[in-house]
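*Asks:* Dropping in final_9.cif, which is mmCIF, C-alpha atoms:
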```
data_data
loop_
_atom_site.label_atom_id
_atom_site.label_comp_id
_atom_site.auth_asym_id
_atom_site.auth_seq_id
_atom_site.Cartn_x
_atom_site.Cartn_y
_atom_site.Cartn_z
CA MET A 1 1.36 0.32 37.90
CA SER A 2 2.17 3.45 35.91
CA SER A 3 0.96 7.02 36.37
CA ASP A 4 -1.76 6.42 33.75
CA VAL A 5 -3.60 3.61 35.50
CA LYS A 6 -5.16 4.05 38.94
CA PRO A 7 -6.62 1.29 41.16
CA ASN A 8 -10.19 0.14 40.38
CA MET A 9 -10.28 1.51 36.82
CA PRO A 10 -12.45 -0.70 34.54
CA GLU A 11 -10.37 -3.38 32.79
CA LYS A 12 -11.41 -5.50 29.83
CA LYS A 13 -9.51 -8.62 28.86
CA TYR A 14 -9.24 -9.83 25.25
CA GLY A 15 -7.08 -12.96 25.36
CA ASN A 16 -3.65 -11.82 26.52
CA ILE A 17 -4.43 -8.12 25.97
CA THR A 18 -5.94 -5.85 28.63
CA VAL A 19 -7.62 -2.53 27.84
CA THR A 20 -8.06 -0.22 30.86
CA GLU A 21 -10.44 2.67 30.27
CA LEU A 22 -9.30 5.84 32.02
CA GLU A 23 -12.28 7.95 30.94
CA PRO A 24 -15.81 7.23 29.64
CA ILE A 25 -15.65 6.92 25.82
CA PRO A 26 -18.58 8.20 23.74
CA LYS A 27 -20.03 6.09 20.90
CA GLY A 28 -19.75 6.93 17.21
CA LEU A 29 -16.20 8.34 17.23
CA ILE A 30 -13.72 8.09 14.36
CA ALA A 31 -10.66 6.11 15.49
CA ILE A 32 -7.21 6.79 14.06
CA GLU A 33 -4.53 4.12 14.41
CA GLY A 34 -0.90 5.25 14.43
CA LEU A 35 1.14 2.32 15.71
CA PRO A 36 4.84 2.09 14.71
CA ASP A 37 5.37 1.06 11.10
CA ILE A 38 7.43 2.10 8.05
CA GLY A 39 8.87 5.62 8.52
CA LEU A 40 6.91 5.94 11.79
CA VAL A 41 4.24 7.64 9.69
CA GLY A 42 1.42 6.70 12.08
CA VAL A 43 3.41 7.53 15.21
CA ILE A 44 4.36 11.00 13.97
CA ALA A 45 0.86 11.73 12.63
CA SER A 46 -0.87 10.53 15.80
CA SER A 47 1.52 12.49 18.00
CA PHE A 48 0.70 15.61 15.97
CA LEU A 49 -3.06 15.00 16.35
CA ILE A 50 -2.69 14.45 20.12
CA ASP A 51 -0.82 17.77 20.48
CA THR A 52 -2.99 19.74 18.05
CA PHE A 53 -6.32 18.75 19.59
CA ASN A 54 -4.94 18.47 23.13
CA LEU A 55 -6.24 14.89 23.33
CA LYS A 56 -6.28 13.24 26.75
CA PRO A 57 -5.37 9.61 27.48
CA VAL A 58 -8.66 7.65 27.61
CA ALA A 59 -7.42 4.04 27.61
CA VAL A 60 -4.26 2.01 28.15
CA ILE A 61 -3.47 -1.21 26.27
CA LYS A 62 -1.21 -3.72 28.00
CA SER A 63 -0.06 -7.29 27.61
CA PRO A 64 2.23 -9.53 29.68
CA LEU A 65 3.82 -10.48 26.33
CA MET A 66 5.16 -6.96 25.75
CA PRO A 67 8.86 -6.45 26.45
CA PRO A 68 9.43 -5.20 30.03
CA VAL A 69 9.72 -1.56 28.97
CA GLN A 70 8.15 1.52 30.54
CA VAL A 71 8.40 4.93 28.93
CA VAL A 72 9.59 7.74 31.22
CA HIS A 73 8.23 11.28 30.75
CA MET A 74 9.39 14.04 33.08
CA GLY A 75 10.68 11.43 35.52
CA VAL A 76 7.43 9.45 35.71
CA ILE A 77 6.70 6.09 34.06
CA VAL A 78 3.81 6.01 31.58
CA GLU A 79 2.31 3.19 29.57
CA PRO A 80 3.73 2.97 26.03
CA ILE A 81 0.52 1.94 24.20
CA LYS A 82 -2.35 4.32 24.77
CA VAL A 83 -5.58 5.62 23.29
CA PHE A 84 -6.10 9.37 23.35
CA GLY A 85 -9.37 11.09 22.60
CA ASN A 86 -11.94 13.85 22.81
CA ASP A 87 -15.64 13.89 21.90
CA SER A 88 -15.03 13.30 18.18
CA ILE A 89 -11.85 11.23 17.65
CA LEU A 90 -9.82 8.45 19.26
CA VAL A 91 -6.12 8.09 18.47
CA ILE A 92 -4.28 4.82 19.14
CA SER A 93 -0.54 5.30 19.50
CA SER A 94 2.53 3.51 20.83
CA GLU A 95 5.96 4.73 21.86
CA VAL A 96 7.47 1.24 21.49
CA PRO A 97 7.49 -1.17 18.54
CA ILE A 98 4.91 -3.95 18.60
CA PRO A 99 6.62 -7.37 18.84
CA ALA A 100 5.79 -9.62 15.88
CA THR A 101 4.50 -12.28 18.29
CA LEU A 102 1.88 -9.86 19.65
CA ILE A 103 0.50 -8.49 16.38
CA THR A 104 -2.36 -10.96 15.93
CA SER A 105 -3.66 -10.79 19.48
CA LEU A 106 -3.25 -7.00 19.62
CA ALA A 107 -5.13 -6.47 16.35
CA THR A 108 -7.92 -8.84 17.47
CA ALA A 109 -8.22 -7.11 20.85
CA ILE A 110 -8.24 -3.57 19.42
CA ALA A 111 -10.84 -4.57 16.79
CA GLU A 112 -13.07 -6.10 19.46
CA TRP A 113 -12.71 -3.11 21.79
CA LEU A 114 -13.32 -0.54 19.02
CA THR A 115 -16.41 -2.47 17.91
CA GLU A 116 -17.73 -2.45 21.50
CA LYS A 117 -17.11 1.31 21.53
CA ARG A 118 -19.19 1.47 18.31
CA ILE A 119 -16.73 3.62 16.41
CA SER A 120 -18.04 4.95 13.11
CA MET A 121 -14.81 4.18 11.24
CA LEU A 122 -11.12 3.37 11.73
CA ILE A 123 -8.49 5.25 9.75
CA SER A 124 -5.08 3.63 9.88
CA LEU A 125 -1.99 5.71 9.02
CA ASN A 126 1.02 3.89 7.62
CA GLY A 127 3.96 4.11 5.27
CA TYR A 128 5.17 2.05 2.35
CA PRO A 129 8.90 1.91 1.61
CA SER A 130 9.96 3.67 -1.57
CA GLN A 131 13.41 4.39 -2.96
CA LYS A 132 11.81 7.23 -4.95
CA ARG A 133 10.82 9.01 -1.72
CA ILE A 134 14.07 10.98 -1.76
CA ASP A 135 12.90 12.79 -4.92
CA GLN A 136 9.42 13.62 -3.62
CA ILE A 137 8.66 16.89 -1.84
CA GLU A 138 5.11 15.69 -1.19
CA PRO A 139 4.94 11.90 -0.86
CA HIS A 140 2.27 9.92 -2.64
CA VAL A 141 -0.59 8.43 -0.55
CA VAL A 142 -2.75 5.44 -1.47
CA ALA A 143 -5.78 4.07 0.33
CA VAL A 144 -7.08 0.59 1.08
CA ALA A 145 -10.53 -0.11 2.53
CA ASN A 146 -12.07 -3.12 4.25
CA ASN A 147 -15.27 -3.03 2.18
CA LEU A 148 -16.34 -1.98 -1.32
CA SER A 149 -18.75 0.74 -0.20
CA LEU A 150 -15.83 2.80 1.16
CA ILE A 151 -13.96 2.76 -2.15
CA GLU A 152 -16.40 5.14 -3.82
CA MET A 153 -16.10 7.56 -0.89
CA ILE A 154 -12.29 7.44 -1.09
CA LYS A 155 -12.35 8.12 -4.85
CA GLN A 156 -14.77 11.03 -4.37
CA LYS A 157 -12.19 12.59 -2.03
CA ASN A 158 -9.59 12.31 -4.80
CA ILE A 159 -7.45 9.80 -2.91
CA GLU A 160 -5.88 7.09 -5.03
CA VAL A 161 -6.92 3.53 -4.24
CA LEU A 162 -4.31 0.77 -4.18
CA ASP A 163 -5.96 -1.58 -6.69
CA ASP A 164 -3.74 -4.62 -6.18
CA GLY A 165 -0.96 -5.48 -3.77
CA PHE A 166 -0.68 -6.60 -0.20
CA ILE A 167 -0.42 -5.01 3.21
CA SER A 168 1.08 -6.38 6.40
CA GLY A 169 1.36 -5.52 10.06
CA VAL A 170 -1.07 -4.66 12.83
CA PHE A 171 -3.21 -2.47 10.58
CA ALA A 172 -3.67 -5.22 7.98
CA LEU A 173 -5.07 -7.62 10.60
CA LEU A 174 -7.02 -4.87 12.30
CA MET A 175 -8.80 -4.01 9.04
CA SER A 176 -9.62 -7.66 8.46
CA GLU A 177 -10.94 -8.16 12.03
CA LEU A 178 -13.06 -5.01 11.74
CA ALA A 179 -14.45 -6.18 8.37
CA ALA A 180 -15.61 -9.40 10.06
CA LYS A 181 -17.42 -7.28 12.66
CA GLY A 182 -19.00 -4.99 10.04
CA THR A 183 -16.96 -1.93 11.10
CA ASN A 184 -15.58 0.38 8.41
CA ALA A 185 -11.81 0.78 8.13
CA ILE A 186 -9.57 2.66 5.72
CA ALA A 187 -5.77 2.57 5.62
CA LEU A 188 -3.91 5.57 4.22
CA ILE A 189 -0.43 4.46 3.19
CA ALA A 190 2.14 7.14 2.38
CA GLN A 191 5.32 6.73 0.38
CA ALA A 192 8.00 6.87 3.08
CA PHE A 193 11.66 6.40 3.90
CA GLU A 194 11.91 2.81 5.00
CA ASN A 195 14.46 3.20 7.76
CA TYR A 196 14.14 6.84 8.80
CA PRO A 197 11.39 8.72 10.67
CA ASP A 198 9.44 10.52 7.94
CA PRO A 199 7.48 13.59 9.10
CA GLY A 200 6.89 14.55 5.43
CA ALA A 201 5.08 11.26 4.85
CA ALA A 202 3.12 11.77 8.07
CA ALA A 203 2.06 15.23 6.84
CA ALA A 204 0.96 13.73 3.50
CA SER A 205 -1.14 11.09 5.27
CA LEU A 206 -2.70 13.73 7.54
CA LYS A 207 -3.56 15.83 4.50
CA ALA A 208 -5.43 12.79 3.17
CA VAL A 209 -7.19 12.35 6.55
CA SER A 210 -8.17 16.00 6.43
CA GLY A 211 -9.78 15.51 3.01
CA LEU A 212 -11.38 12.21 3.97
CA ILE A 213 -13.22 13.33 7.11
CA ASN A 214 -13.19 17.12 6.67
CA LEU A 215 -10.83 17.62 9.60
CA LYS A 216 -9.27 21.08 9.52
CA LEU A 217 -5.52 20.74 10.02
CA ASP A 218 -2.64 23.22 9.76
CA LEU A 219 0.34 20.98 8.96
CA LYS A 220 2.98 23.73 9.05
CA PRO A 221 3.86 23.15 12.74
CA LEU A 222 4.48 19.48 11.96
CA LEU A 223 6.80 20.27 9.06
CA ASP A 224 8.55 22.97 11.12
CA LYS A 225 9.42 20.33 13.74
CA ALA A 226 10.44 17.70 11.19
CA ASP A 227 14.18 17.75 11.99
CA GLU A 228 13.55 17.45 15.71
CA MET A 229 11.23 14.47 15.17
CA ARG A 230 13.68 12.74 12.82
CA LEU A 231 16.37 13.02 15.47
CA ASN A 232 14.25 12.09 18.50
CA MET A 233 12.62 9.09 16.88
CA SER A 234 15.78 7.48 15.52
CA ASN A 235 15.83 4.70 18.15
CA LEU A 236 12.16 3.80 17.64
CA VAL A 237 12.51 3.67 13.85
CA GLN A 238 15.47 1.27 14.13
CA GLN A 239 13.58 -1.06 16.47
CA THR A 240 10.46 -0.89 14.29
CA ALA A 241 12.41 -1.69 11.11
CA ALA A 242 13.93 -4.74 12.86
CA GLN A 243 10.45 -5.95 13.88
CA LYS A 244 9.10 -5.34 10.37
CA GLN A 245 11.91 -7.39 8.83
CA GLY A 246 10.89 -10.19 11.18
CA ILE A 247 7.34 -10.10 9.82
CA GLU A 248 8.03 -9.73 6.13
CA GLY A 249 11.57 -10.90 5.51
CA PRO A 250 13.07 -8.84 2.69
CA LEU A 251 10.54 -6.13 1.96
CA THR A 252 8.12 -6.36 -0.91
CA THR A 253 9.02 -5.44 -4.43
CA MET A 254 5.41 -4.54 -5.15
CA TYR A 255 5.71 -1.17 -3.44
CA ARG A 256 9.01 -0.05 -4.95
CA MET B 1 30.25 7.00 17.83
CA TRP B 2 33.35 9.11 18.41
CA ASP B 3 33.67 11.76 21.12
CA ASN B 4 30.61 13.96 21.05
CA ARG B 5 29.66 13.25 17.48
CA ILE B 6 26.44 11.39 16.74
CA GLU B 7 26.37 8.43 14.42
CA PRO B 8 23.38 9.16 12.14
CA LEU B 9 20.85 6.61 10.89
CA SER B 10 22.05 5.01 7.69
CA ASP B 11 21.12 2.31 5.24
CA ILE B 12 23.43 0.36 2.91
CA ARG B 13 22.23 -1.62 -0.09
CA GLU B 14 24.22 -3.41 -2.73
CA THR B 15 23.37 -4.30 -6.31
CA ASN B 16 25.51 -5.96 -8.99
CA ASP B 17 27.00 -2.67 -10.14
CA ARG B 18 26.91 -0.36 -7.14
CA ILE B 19 26.63 0.16 -3.38
CA MET B 20 24.11 2.76 -2.20
CA ILE B 21 24.65 4.35 1.19
CA SER B 22 21.96 6.68 2.48
CA VAL B 23 22.35 8.75 5.63
CA ASP B 24 19.61 10.65 7.46
CA LEU B 25 20.91 14.07 8.51
CA PRO B 26 18.34 16.08 10.50
CA PHE B 27 19.33 19.73 11.08
CA VAL B 28 21.69 19.66 8.09
CA ASN B 29 20.28 22.13 5.58
CA SER B 30 22.87 22.31 2.83
CA LYS B 31 25.44 20.16 1.05
CA ASP B 32 28.04 22.70 2.19
CA GLN B 33 27.66 21.32 5.73
CA ILE B 34 28.77 17.86 4.60
CA GLU B 35 32.29 16.51 4.01
CA ILE B 36 33.01 13.07 2.57
CA TYR B 37 36.44 11.44 2.63
CA VAL B 38 37.60 8.26 0.96
CA TYR B 39 40.49 6.25 2.45
CA GLU B 40 41.12 3.10 0.44
CA ASN B 41 38.16 0.91 1.53
CA LEU B 42 36.70 3.38 4.01
CA ILE B 43 34.22 6.21 3.43
CA GLU B 44 33.99 8.79 6.18
CA ILE B 45 31.11 11.26 6.36
CA VAL B 46 31.20 14.29 8.63
CA ALA B 47 28.26 16.72 8.73
CA ASN B 48 27.71 19.86 10.76
CA THR B 49 24.23 20.65 12.05
CA SER B 50 22.83 24.15 11.69
CA LYS B 51 22.16 24.28 15.45
CA SER B 52 23.45 22.56 18.55
CA ILE B 53 21.44 19.46 19.43
CA ARG B 54 21.02 17.62 22.70
CA TRP B 55 21.56 13.89 22.39
CA ARG B 56 21.31 10.99 24.78
CA ARG B 57 23.30 7.82 24.13
CA GLY B 58 21.18 4.68 23.85
CA ILE B 59 17.48 4.25 24.53
CA SER B 60 17.70 4.11 28.32
CA ALA B 61 19.18 6.45 30.87
CA GLY B 62 22.37 7.23 28.95
CA GLU B 63 24.53 10.29 29.36
CA ALA B 64 23.20 13.38 27.57
CA PHE B 65 25.44 15.81 25.72
CA GLU B 66 25.33 18.71 23.27
CA THR B 67 26.69 18.25 19.79
CA SER B 68 26.63 19.84 16.37
CA GLN B 69 28.33 17.14 14.32
CA TYR B 70 27.51 13.77 12.83
CA GLU B 71 30.13 11.21 11.88
CA LYS B 72 29.64 7.97 10.00
CA ARG B 73 32.26 5.55 8.68
CA VAL B 74 31.40 2.87 6.17
CA LYS B 75 33.85 0.06 5.47
CA LEU B 76 33.61 -1.31 1.94
CA PRO B 77 34.66 -4.79 0.84
CA PHE B 78 37.02 -3.28 -1.77
CA THR B 79 39.23 -0.24 -2.32
CA VAL B 80 37.74 2.81 -4.03
CA THR B 81 38.96 6.18 -5.24
CA GLU B 82 37.01 9.44 -5.14
CA ASP B 83 36.16 8.92 -8.84
CA ASP B 84 34.11 5.82 -7.92
CA VAL B 85 32.00 7.74 -5.39
CA LYS B 86 29.14 10.14 -6.20
CA ALA B 87 27.10 11.94 -3.56
CA THR B 88 23.87 13.94 -3.58
CA PHE B 89 21.95 15.61 -0.75
CA LYS B 90 18.18 15.90 -1.11
CA ASN B 91 15.30 16.22 1.36
CA GLY B 92 17.67 15.87 4.31
CA ILE B 93 19.10 12.57 3.07
CA LEU B 94 22.67 12.11 1.87
CA LEU B 95 22.86 9.49 -0.85
CA ILE B 96 26.29 8.09 -1.75
CA ILE B 97 26.64 5.78 -4.72
CA VAL B 98 29.79 3.71 -5.00
CA ASP B 99 30.39 2.44 -8.51
CA LYS B 100 31.65 -1.15 -8.62
CA LYS B 101 32.58 -1.19 -12.31
CA ASN B 102 36.26 -0.60 -11.62
CA ILE B 103 36.59 -3.58 -9.31
CA LYS B 104 38.75 -6.20 -10.92
CA LYS B 105 37.20 -9.62 -11.13
CA ARG B 106 39.69 -12.46 -10.59
CA LYS B 107 38.95 -15.96 -11.66
CA VAL B 108 39.44 -18.74 -9.10
CA ASN B 109 40.18 -22.19 -10.38
CA VAL B 110 38.15 -25.10 -9.09
CA TYR B 111 40.14 -28.27 -8.32
#
```
How would this structure read if it were set down as structure tokens?
*Replies:*
Amino acid sequence: MSSDVKPNMPEKKYGNITVTELEPIPKGLIAIEGLPDIGLVGVIASSFLIDTFNLKPVAVIKSPLMPPVQVVHMGVIVEPIKVFGNDSILVISSEVPIPATLITSLATAIAEWLTEKRISMLISLNGYPSQKRIDQIEPHVVAVANNLSLIEMIKQKNIEVLDDGFISGVFALLMSELAAKGTNAIALIAQAFENYPDPGAAAASLKAVSGLINLKLDLKPLLDKADEMRLNMSNLVQQTAAQKQGIEGPLTTMYR
Amino acid sequence: MWDNRIEPLSDIRETNDRIMISVDLPFVNSKDQIEIYVYENLIEIVANTSKSIRWRRGISAGEAFETSQYEKRVKLPFTVTEDDVKATFKNGILLIIVDKKNIKKRKVNVY
């Protein structure tokens, strides 16, 4: 048992995934998913949101199928996959890559749990690999939604919609599962370095979040810490890229 | 990894006419902090960071140390000269392009 989970906390089981709620979670929140993916866009963005809004851990997600890894912070073990929140947003983040074998059950469990929590919408933050990223000061962001009614809203916020293509990973399944449950979900996918942590892409995706839900964000502190993040997240980006290759094989040409 | 130098993240891709090596260099702000050497079939990259950084080897409880230098060596499948190698540094990424047009193609007979 880690420092996050105490005895007798309420546990919910979804197949081989367990969600332990550390705090009561209000209904109607906007959930933001930032699990490890291309360029660690979601991880960096979610970490920034957790720090900026001083979000507290509200739930822990565990599975016996996860590798036997515990993250250590200040000498104490903590769970790697957690949900942070306040009275308006939930942020789902992980400090370890999600094994390919766990993606389906994790996405199904998160979708079921978020639906029980009656979230108003999920926004998923991800990256797409682009060789042109090196030439971009501000990376390009495209959006994908899990129902047609959201597309108009996205266009009204001047965010480009990815008309045709495909998406893969936890967020792709999560959006599909949420669609089946009638819960809105939007993925914001930023042009990113495929094999390097990309704080610039994370900042671009957060700028899109800010426009989408009118969330006031000062992104300068994120960009100021970009070098530090690129260095500190180098191990996680390598492991995530290896997992991603396992899912997709050679990466898509559609995004390049 | 050599001494207290960090091996940076890198990516190597090959096409019919070139090899592209990209290297992520956090805390390197200018091309003047980067040196590239070519030794026959080896490219060596050394870069100095603008501040000292604390680094821990491996993902677990490895030994931590202070450093201000990256080093990366890339072994190529053929010999190159400096004329075959072009390098640019943009957005914190070093991109080295190795031109393959000077590689001599030798025909092998099939028996």
*Asks:* With only C-alpha atoms as the basis for distance, which of B:Leu95, B:Val38, B:Ile45, B:Lys104 is at the shortest distance from chain A?
*Replies:*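 Under the stated criterion, the closest residue is B:Leu95.
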*Asks:* So that I can see what lies close to B:Lys72, please list as number ranges by chain the residues with an atom at most 10 Å from it, counting only C-alpha atoms and leaving out residues fewer than 4 positions away in the same chain.
*Replies:* B: 1-2, 5-10, 23, 36, 43-47
*Asks:* Go through B:Ser22, B:Lys31, B:Phe89, B:Glu14 one by one, measure the shortest atom-to-atom distance of each to B:Pro77 using all atoms listed in the file, and give the residue with the smallest value.
*Replies:*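 For B:Pro77, the nearest of the candidates is B:Glu14.
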*Asks:* Selected by the PyMOL selection byres ((chain B) within 7 of (chain A)) in the shown coordinates: which residues, as an mmCIF file with C-alpha atoms, in the coordinates of the input?
*Replies:*
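Produced file out.cif, reproduced below:
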```cif
data_model
loop_
_atom_site.group_PDB
_atom_site.id
_atom_site.type_symbol
_atom_site.label_atom_id
_atom_site.label_comp_id
_atom_site.auth_asym_id
_atom_site.auth_seq_id
_atom_site.Cartn_x
_atom_site.Cartn_y
_atom_site.Cartn_z
ATOM 1 C CA LEU B 9 20.850 6.610 10.890
ATOM 2 C CA ASP B 24 19.610 10.650 7.460
ATOM 3 C CA PRO B 26 18.340 16.080 10.500
ATOM 4 C CA PHE B 27 19.330 19.730 11.080
ATOM 5 C CA ILE B 59 17.480 4.250 24.530
ATOM 6 C CA LYS B 90 18.180 15.900 -1.110
ATOM 7 C CA ASN B 91 15.300 16.220 1.360
#
```
*Asks:* From the set A:Ser176, A:Leu219, A:Ala190, A:Pro7, which residue has the shortest atom-to-atom contact distance to A:Thr108, counting only C-alpha atoms?
*Replies:* A:Ser176
*Asks:* Evaluating the PyMOL selection byres ((chain B and resi 50-52) around 6) on the displayed file yields which residues, as a list of chain:residue names?
*Replies:*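 Going through the file, the PyMOL selection byres ((chain B and resi 50-52) around 6) ends up selecting B:Phe27, B:Val28, B:Thr49, B:Ile53, B:Thr67, B:Ser68.
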*Asks:* Can I get the selection written as a PDB file, in the frame of the given file, with C-alpha atoms?
*Replies:*
```pdb
ATOM      1  CA  PHE B  27      19.330  19.730  11.080  1.00  0.00           C
ATOM      2  CA  VAL B  28      21.690  19.660   8.090  1.00  0.00           C
ATOM      3  CA  THR B  49      24.230  20.650  12.050  1.00  0.00           C
ATOM      4  CA  ILE B  53      21.440  19.460  19.430  1.00  0.00           C
ATOM      5  CA  THR B  67      26.690  18.250  19.790  1.00  0.00           C
ATOM      6  CA  SER B  68      26.630  19.840  16.370  1.00  0.00           C
TER       7      SER B  68
END
```
*Asks:* For A:Gly182, find every residue with an atom within 10 Å (counting only C-alpha atoms), except residues of its own chain fewer than 4 positions away, and show them as a list in words.
*Replies:*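 Final neighbour list, sorted by chain and number: Thr115, Asn146, Asn147, Ser176, Glu177 and Leu178 of chain A.
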*Asks:* Name the residues captured by the PyMOL selection byres ((chain A and resi 201-207) around 8) when it is applied to the shown file; answer as a ChimeraX atom specification.
*Replies:* /A:39-42,44-45,125-127,138-141,188-192,198-200,208-211,217,219,222-223
*Asks:* Can you pull out every residue within 12 Å of A:Leu122, counting all atoms listed in the file, but drop anything in the same chain fewer than 6 positions away, and send it as a short mmCIF file (atom, residue, chain, number, x, y, z; two decimals) with C-alpha atoms, in the coordinates of the input?
*Replies:*
```
data_model
loop_
_atom_site.label_atom_id
_atom_site.label_comp_id
_atom_site.auth_asym_id
_atom_site.auth_seq_id
_atom_site.Cartn_x
_atom_site.Cartn_y
_atom_site.Cartn_z
CA GLY A 28 -19.75 6.93 17.21
CA LEU A 29 -16.20 8.34 17.23
CA ILE A 30 -13.72 8.09 14.36
CA ALA A 31 -10.66 6.11 15.49
CA ILE A 32 -7.21 6.79 14.06
CA GLU A 33 -4.53 4.12 14.41
CA GLY A 34 -0.90 5.25 14.43
CA ILE A 89 -11.85 11.23 17.65
CA LEU A 90 -9.82 8.45 19.26
CA VAL A 91 -6.12 8.09 18.47
CA ILE A 92 -4.28 4.82 19.14
CA ILE A 110 -8.24 -3.57 19.42
CA ALA A 111 -10.84 -4.57 16.79
CA LEU A 114 -13.32 -0.54 19.02
CA THR A 115 -16.41 -2.47 17.91
CA VAL A 144 -7.08 0.59 1.08
CA ALA A 145 -10.53 -0.11 2.53
CA ASN A 146 -12.07 -3.12 4.25
CA LEU A 150 -15.83 2.80 1.16
CA PHE A 171 -3.21 -2.47 10.58
CA ALA A 172 -3.67 -5.22 7.98
CA LEU A 174 -7.02 -4.87 12.30
CA MET A 175 -8.80 -4.01 9.04
CA SER A 176 -9.62 -7.66 8.46
CA GLU A 177 -10.94 -8.16 12.03
CA LEU A 178 -13.06 -5.01 11.74
CA ALA A 179 -14.45 -6.18 8.37
CA GLY A 182 -19.00 -4.99 10.04
CA THR A 183 -16.96 -1.93 11.10
CA ASN A 184 -15.58 0.38 8.41
CA ALA A 185 -11.81 0.78 8.13
CA ILE A 186 -9.57 2.66 5.72
CA ALA A 187 -5.77 2.57 5.62
CA LEU A 188 -3.91 5.57 4.22
CA VAL A 209 -7.19 12.35 6.55
CA LEU A 212 -11.38 12.21 3.97
CA ILE A 213 -13.22 13.33 7.11
#
```
*Asks:* Please measure the separation of atom CA of A:Glu79 and atom CA of A:Lys216, giving the value in Å to one decimal.
*Replies:*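 Computing it gives 29.3 Å between the two atoms.
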*Asks:* Would you kindly return, as a list of chain:residue names, each protein, DNA or RNA residue with an atom no farther than 8 Å from any atom of A:Leu162, considering all atoms listed in the file and excluding same-chain residues fewer than 2 positions away?
*Replies:*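 Final neighbour list, sorted by chain and number: A:Val142, A:Ala143, A:Val144, A:Glu160, A:Asp164, A:Gly165.
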*Asks:* Where atoms are absent from stretch 142-154 of chain A, fill them in so it carries N, CA, C and O atoms, then output it as a tab-separated table (two decimals), in the frame of the given file.
*Replies:*
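out.tsv was written with the following content:
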```tsv
chain	number	residue	atom	x	y	z
A	142	VAL	N	-1.70	6.31	-0.90
A	142	VAL	CA	-2.75	5.44	-1.47
A	142	VAL	C	-3.63	4.92	-0.33
A	142	VAL	O	-3.20	4.90	0.83
A	143	ALA	N	-4.84	4.54	-0.69
A	143	ALA	CA	-5.78	4.07	0.33
A	143	ALA	C	-6.21	2.64	0.05
A	143	ALA	O	-6.27	2.20	-1.09
A	144	VAL	N	-6.52	1.95	1.14
A	144	VAL	CA	-7.08	0.59	1.08
A	144	VAL	C	-8.27	0.59	2.03
A	144	VAL	O	-8.19	1.19	3.11
A	145	ALA	N	-9.35	-0.07	1.65
A	145	ALA	CA	-10.53	-0.11	2.53
A	145	ALA	C	-10.86	-1.56	2.86
A	145	ALA	O	-10.41	-2.48	2.20
A	146	ASN	N	-11.70	-1.74	3.90
A	146	ASN	CA	-12.07	-3.12	4.25
A	146	ASN	C	-13.45	-3.49	3.73
A	146	ASN	O	-13.97	-4.54	4.08
A	147	ASN	N	-14.06	-2.62	2.90
A	147	ASN	CA	-15.27	-3.03	2.18
A	147	ASN	C	-15.46	-2.14	0.95
A	147	ASN	O	-14.93	-1.02	0.89
A	148	LEU	N	-16.20	-2.66	-0.02
A	148	LEU	CA	-16.34	-1.98	-1.32
A	148	LEU	C	-17.03	-0.63	-1.22
A	148	LEU	O	-16.73	0.29	-1.97
A	149	SER	N	-17.98	-0.50	-0.27
A	149	SER	CA	-18.75	0.74	-0.20
A	149	SER	C	-17.86	1.94	0.14
A	149	SER	O	-18.17	3.08	-0.20
A	150	LEU	N	-16.73	1.70	0.80
A	150	LEU	CA	-15.83	2.80	1.16
A	150	LEU	C	-15.00	3.29	-0.03
A	150	LEU	O	-14.52	4.42	-0.04
A	151	ILE	N	-14.83	2.41	-1.01
A	151	ILE	CA	-13.96	2.76	-2.15
A	151	ILE	C	-14.49	3.97	-2.91
A	151	ILE	O	-13.73	4.88	-3.27
A	152	GLU	N	-15.80	4.01	-3.10
A	152	GLU	CA	-16.40	5.14	-3.82
A	152	GLU	C	-16.15	6.45	-3.07
A	152	GLU	O	-15.79	7.47	-3.66
A	153	MET	N	-16.32	6.37	-1.73
A	153	MET	CA	-16.10	7.56	-0.89
A	153	MET	C	-14.65	8.03	-1.00
A	153	MET	O	-14.38	9.22	-1.14
A	154	ILE	N	-13.72	7.09	-1.00
A	154	ILE	CA	-12.29	7.44	-1.09
A	154	ILE	C	-12.00	8.12	-2.43
A	154	ILE	O	-11.32	9.14	-2.50
```
